[in-house]
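For reference, upload_17.txt is printed below; it contains compact mmCIF, C-alpha atoms.
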# COMPACT_ATOMS: atom_id res chain seq x y z
CA MET A 576 36.73 6.03 -15.87
CA LYS A 577 34.62 5.91 -12.67
CA LYS A 578 32.86 9.17 -13.61
CA ILE A 579 31.91 7.76 -17.01
CA ILE A 580 30.47 4.56 -15.47
CA VAL A 581 28.49 6.45 -12.81
CA SER A 582 27.17 8.87 -15.42
CA ALA A 583 26.12 6.00 -17.68
CA LEU A 584 24.36 4.23 -14.79
CA LEU A 585 22.48 7.37 -13.77
CA SER A 586 21.42 7.98 -17.36
CA ALA A 587 20.20 4.40 -17.69
CA CYS A 588 18.24 4.67 -14.45
CA GLY A 589 16.47 7.80 -15.66
CA VAL A 590 15.34 6.03 -18.81
CA ALA A 591 14.40 2.76 -17.12
CA PHE A 592 12.22 4.27 -14.41
CA ALA A 593 9.97 6.89 -15.94
CA ALA A 594 7.74 8.30 -13.21
CA SER A 595 4.19 9.53 -13.54
CA PRO A 596 2.87 12.64 -11.79
CA TYR A 597 1.19 10.28 -9.30
CA ASP A 598 4.41 8.68 -8.01
CA GLY A 599 5.09 9.58 -4.40
CA VAL A 600 3.90 9.09 -0.86
CA PHE A 601 0.33 9.73 0.25
CA GLN A 602 -1.02 9.86 3.83
CA GLU A 603 -4.52 8.66 4.63
CA ARG A 604 -6.70 11.57 5.73
CA ASP A 605 -8.66 9.78 8.44
CA GLU A 606 -6.08 7.33 9.77
CA VAL A 607 -2.88 8.39 11.52
CA GLY A 608 -0.02 6.09 10.54
CA SER A 609 -1.49 4.91 7.24
CA TYR A 610 0.44 5.64 4.03
CA LEU A 611 0.33 4.70 0.35
CA SER A 612 3.55 4.71 -1.66
CA VAL A 613 3.03 4.80 -5.44
CA HIS A 614 5.49 3.72 -8.12
CA THR A 615 4.63 3.54 -11.83
CA ASN A 616 6.38 2.82 -15.09
CA GLY A 617 4.16 3.40 -18.08
CA ASN A 618 0.95 1.55 -17.30
CA VAL A 619 2.54 -0.71 -14.66
CA PHE A 620 1.48 0.17 -11.10
CA ILE A 621 3.11 -0.94 -7.87
CA GLY A 622 1.93 0.45 -4.56
CA THR A 623 2.54 -0.35 -0.94
CA LEU A 624 0.22 0.34 1.94
CA TYR A 625 1.99 0.95 5.24
CA ASN A 626 0.01 0.86 8.48
CA ILE A 627 0.92 1.33 12.11
CA ASP A 628 -1.57 -0.55 14.26
CA LEU A 629 -1.43 0.05 18.01
CA LEU A 630 -1.95 -3.25 19.80
CA ASN A 631 -3.46 -1.92 23.07
CA GLY A 632 -3.32 -5.21 24.94
CA VAL A 633 -3.87 -7.49 21.93
CA PRO A 634 -1.79 -10.60 22.60
CA VAL A 635 1.13 -10.96 20.20
CA ALA A 636 3.83 -13.62 20.26
CA LEU A 637 6.91 -12.52 22.12
CA PHE A 638 10.09 -11.97 20.14
CA ASN A 639 13.17 -12.56 22.28
CA GLY A 640 11.12 -11.59 25.33
CA LEU A 641 9.92 -8.30 23.80
CA ARG A 642 6.23 -7.47 23.72
CA PRO A 643 5.55 -5.02 20.85
CA ARG A 644 3.20 -2.06 21.38
CA GLN A 645 2.42 -1.70 17.70
CA LEU A 646 2.33 -3.81 14.58
CA ASN A 647 3.78 -2.26 11.43
CA THR A 648 2.49 -3.85 8.24
CA TRP A 649 3.34 -3.49 4.56
CA ASN A 650 0.92 -4.65 1.88
CA LEU A 651 1.76 -4.84 -1.80
CA LEU A 652 -0.73 -3.65 -4.43
CA GLN A 653 -0.09 -4.20 -8.10
CA GLY A 654 -1.97 -3.66 -11.30
CA SER A 655 -2.25 -1.26 -14.20
CA LEU A 656 -2.52 2.49 -14.59
CA SER A 657 -4.65 4.01 -17.33
CA GLY A 658 -4.77 7.80 -17.35
CA ASN A 659 -5.33 8.82 -13.73
CA VAL A 660 -6.92 5.51 -12.63
CA ALA A 661 -5.15 2.40 -11.34
CA ASN A 662 -6.89 -0.97 -11.00
CA VAL A 663 -5.00 -2.96 -8.40
CA SER A 664 -5.14 -6.06 -6.25
CA GLY A 665 -3.23 -7.27 -3.25
CA GLU A 666 -3.41 -9.28 -0.06
CA LEU A 667 -4.34 -7.31 3.06
CA LEU A 668 -5.10 -8.11 6.70
CA LEU A 669 -1.90 -10.12 7.20
CA ASN A 670 -2.46 -11.98 3.89
CA HIS A 671 -5.93 -13.20 4.91
CA CYS A 672 -7.86 -11.14 2.30
CA LYS A 673 -7.35 -10.57 -1.43
CA VAL A 674 -8.65 -7.09 -2.19
CA ASN A 675 -9.35 -5.55 -5.59
CA ALA A 676 -9.51 -1.76 -5.64
CA GLN A 677 -9.53 1.23 -7.94
CA ILE A 678 -7.36 4.25 -7.21
CA ALA A 679 -8.30 7.56 -8.84
CA PHE A 680 -5.58 10.21 -8.71
CA THR A 681 -5.60 13.98 -8.82
CA THR A 682 -2.41 16.03 -8.54
CA THR A 683 -2.78 16.03 -4.73
CA THR A 684 -4.93 13.03 -3.75
CA ALA A 685 -5.50 9.34 -4.25
CA LEU A 686 -9.06 8.07 -3.78
CA VAL A 687 -9.03 4.32 -3.09
CA THR A 688 -12.34 2.51 -3.65
CA VAL A 689 -12.69 -1.17 -2.72
CA GLN A 690 -14.17 -3.17 -5.59
CA SER A 691 -14.23 -6.62 -3.91
CA ALA A 692 -12.59 -8.68 -1.19
CA THR A 693 -12.34 -12.45 -0.82
CA SER A 694 -10.60 -14.71 1.65
CA THR A 695 -7.26 -16.22 0.72
CA PRO A 696 -6.71 -19.89 1.68
CA LEU A 697 -5.20 -18.60 4.95
CA GLY A 698 -8.27 -16.43 5.56
CA GLN A 699 -10.60 -19.35 4.79
CA GLU A 700 -8.68 -21.53 7.22
CA VAL A 701 -9.38 -19.17 10.13
CA GLY A 702 -12.82 -17.98 8.99
CA VAL A 703 -12.09 -14.33 8.16
CA ASN A 704 -15.01 -12.55 6.48
CA CYS A 705 -13.10 -10.34 4.05
CA ALA A 706 -16.21 -8.91 2.39
CA LYS A 707 -17.25 -7.59 5.81
CA GLN A 708 -13.74 -6.36 6.63
CA TYR A 709 -13.38 -4.57 3.26
CA PRO A 710 -16.90 -3.94 1.91
CA ALA A 711 -17.24 -3.11 -1.77
CA GLY A 712 -17.63 0.64 -2.16
CA ASP A 713 -15.55 1.55 0.91
CA ARG A 714 -13.49 4.66 0.15
CA PHE A 715 -10.26 6.00 1.57
CA ILE A 716 -8.73 9.37 0.73
CA PHE A 717 -4.96 9.82 0.76
CA ASP A 718 -3.26 13.21 0.46
CA LYS A 719 0.09 13.49 -1.31
CA VAL A 720 2.86 14.42 1.10
CA PHE A 721 5.78 14.12 -1.38
Can you give me the file's structure in the form of structure tokens?
Amino acid sequence: MKKIIVSALLSACGVAFAASPYDGVFQERDEVGSYLSVHTNGNVFIGTLYNIDLLNGVPVALFNGLRPRQLNTWNLLQGSLSGNVANVSGELLLNHCKVNAQIAFTTTTALVTVQSATSTPLGQEVGVNCAKQYPAGDRFIFDKVF
């Protein structure tokens, strides 16, 4: 009975989560510790940007007396995939900036082009200039690692 249930669950998972050839993990070419993880289902796109930022003396609140040397961040991107192009948006820079971007895929790369960036209410509160931080037209190349 257990084998039948497990088999049915695995079969259902295969149908429910159809992957595109662009699903996988990509590493940014010019930035060590920067990754893009891509997950699609039909035209639905979900991506996460993972960054390791070395703090190098930047003051960060202590956590139980520990002073971190790096800040690991995850940022969610979501949108739609049409052919090999995804149009996505998400909040970056610790949720201070809403960024709209286009991601063009080949079999081995993802080219991310910033379309626009505006401050979220949090960003407005502290005066972050998101258009300067993420200028329209900025491009980032990610290579597929698996």
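When atom CA of Pro596 of chain A is paired with atom CA of Thr681 of chain A, their separation reads 9.1 Å.
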(Q) My list of candidates is A:Gly712, A:Gly665, A:Gly654, A:Gly608. Which is closest to Thr688 of chain A when distances are computed with only C-alpha atoms? (A)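 Residue with the minimum atom-to-atom distance to Thr688 of chain A: A:Gly712.
A straight line drawn from atom CA of Thr695 of chain A to atom CA of Arg642 of chain A is 28.1 Å long.
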Q.
Which residues are close to Asn704 of chain A, i.e. within 9 Å by only C-alpha atoms, leaving aside same-chain residues fewer than 4 positions away? Reply as a list of chain:residue names.
A. A:Cys672, A:Ala692, A:Thr693, A:Ser694, A:Gly698, A:Gln699, A:Gln708, A:Tyr709
Q.
At a cut-off of 9 Å, using only C-alpha atoms, what residues contact Asn659 of chain A? Leave out same-chain residues fewer than 5 positions from it and give the result as an MDAnalysis selection string.
A. chainID A and resid 597 678:681
Q) Looking at only C-alpha atoms, which of A:Leu669, A:Val674, A:Gly658, A:Ser595 is the one that sits closest to Tyr625 of chain A? A)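 Result for the nearest residue to Tyr625 of chain A: A:Leu669.
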Q) So, counting all atoms listed in the file, which residue among A:Leu624, A:Val687, A:Leu641, A:Val701 is closest to Ala661 of chain A? A) A:Val687
(Q) Counting only C-alpha atoms, find residues at most 10 Å from (6.9, 1.4, -14.3) (file frame) and give them as an MDAnalysis selection string. (A) chainID A and resid 591:595 598 614:621 655:656
Residues of the last selection are to be written out with C-alpha atoms, as a PDB file, in the frame of the given file.
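And here's result.pdb as it stands now:
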ATOM      1  CA  ALA A 591      14.400   2.760 -17.120  1.00  0.00           C
ATOM      2  CA  PHE A 592      12.220   4.270 -14.410  1.00  0.00           C
ATOM      3  CA  ALA A 593       9.970   6.890 -15.940  1.00  0.00           C
ATOM      4  CA  ALA A 594       7.740   8.300 -13.210  1.00  0.00           C
ATOM      5  CA  SER A 595       4.190   9.530 -13.540  1.00  0.00           C
ATOM      6  CA  ASP A 598       4.410   8.680  -8.010  1.00  0.00           C
ATOM      7  CA  HIS A 614       5.490   3.720  -8.120  1.00  0.00           C
ATOM      8  CA  THR A 615       4.630   3.540 -11.830  1.00  0.00           C
ATOM      9  CA  ASN A 616       6.380   2.820 -15.090  1.00  0.00           C
ATOM     10  CA  GLY A 617       4.160   3.400 -18.080  1.00  0.00           C
ATOM     11  CA  ASN A 618       0.950   1.550 -17.300  1.00  0.00           C
ATOM     12  CA  VAL A 619       2.540  -0.710 -14.660  1.00  0.00           C
ATOM     13  CA  PHE A 620       1.480   0.170 -11.100  1.00  0.00           C
ATOM     14  CA  ILE A 621       3.110  -0.940  -7.870  1.00  0.00           C
ATOM     15  CA  SER A 655      -2.250  -1.260 -14.200  1.00  0.00           C
ATOM     16  CA  LEU A 656      -2.520   2.490 -14.590  1.00  0.00           C
TER      17      LEU A 656
END
(Q) I'd like the interatomic distance between atom CA of Phe717 of chain A and atom CA of Phe601 of chain A, to a tenth of an Å. (A)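 It comes out at 5.3 Å.
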Q. Looking at A:Leu646, A:Val600, A:Ala685, A:Val660, which one is nearest to Val633 of chain A, with distances taken over only C-alpha atoms?
A.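 Closest candidate: A:Leu646.
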(Q) Could you check the closest approach to Ser609 of chain A for each of A:Ile627, A:Gly622, A:Gln690, A:Asn670 and tell me which residue wins, using only C-alpha atoms? (A)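 For Ser609 of chain A, the nearest of the given residues is A:Ile627.
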Q) Between A:Trp649, A:Phe638, A:Phe721, A:Phe715, which is the closest to Glu666 of chain A once you count only C-alpha atoms? A)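 Ranked by minimum distance to Glu666 of chain A, first place goes to A:Trp649.
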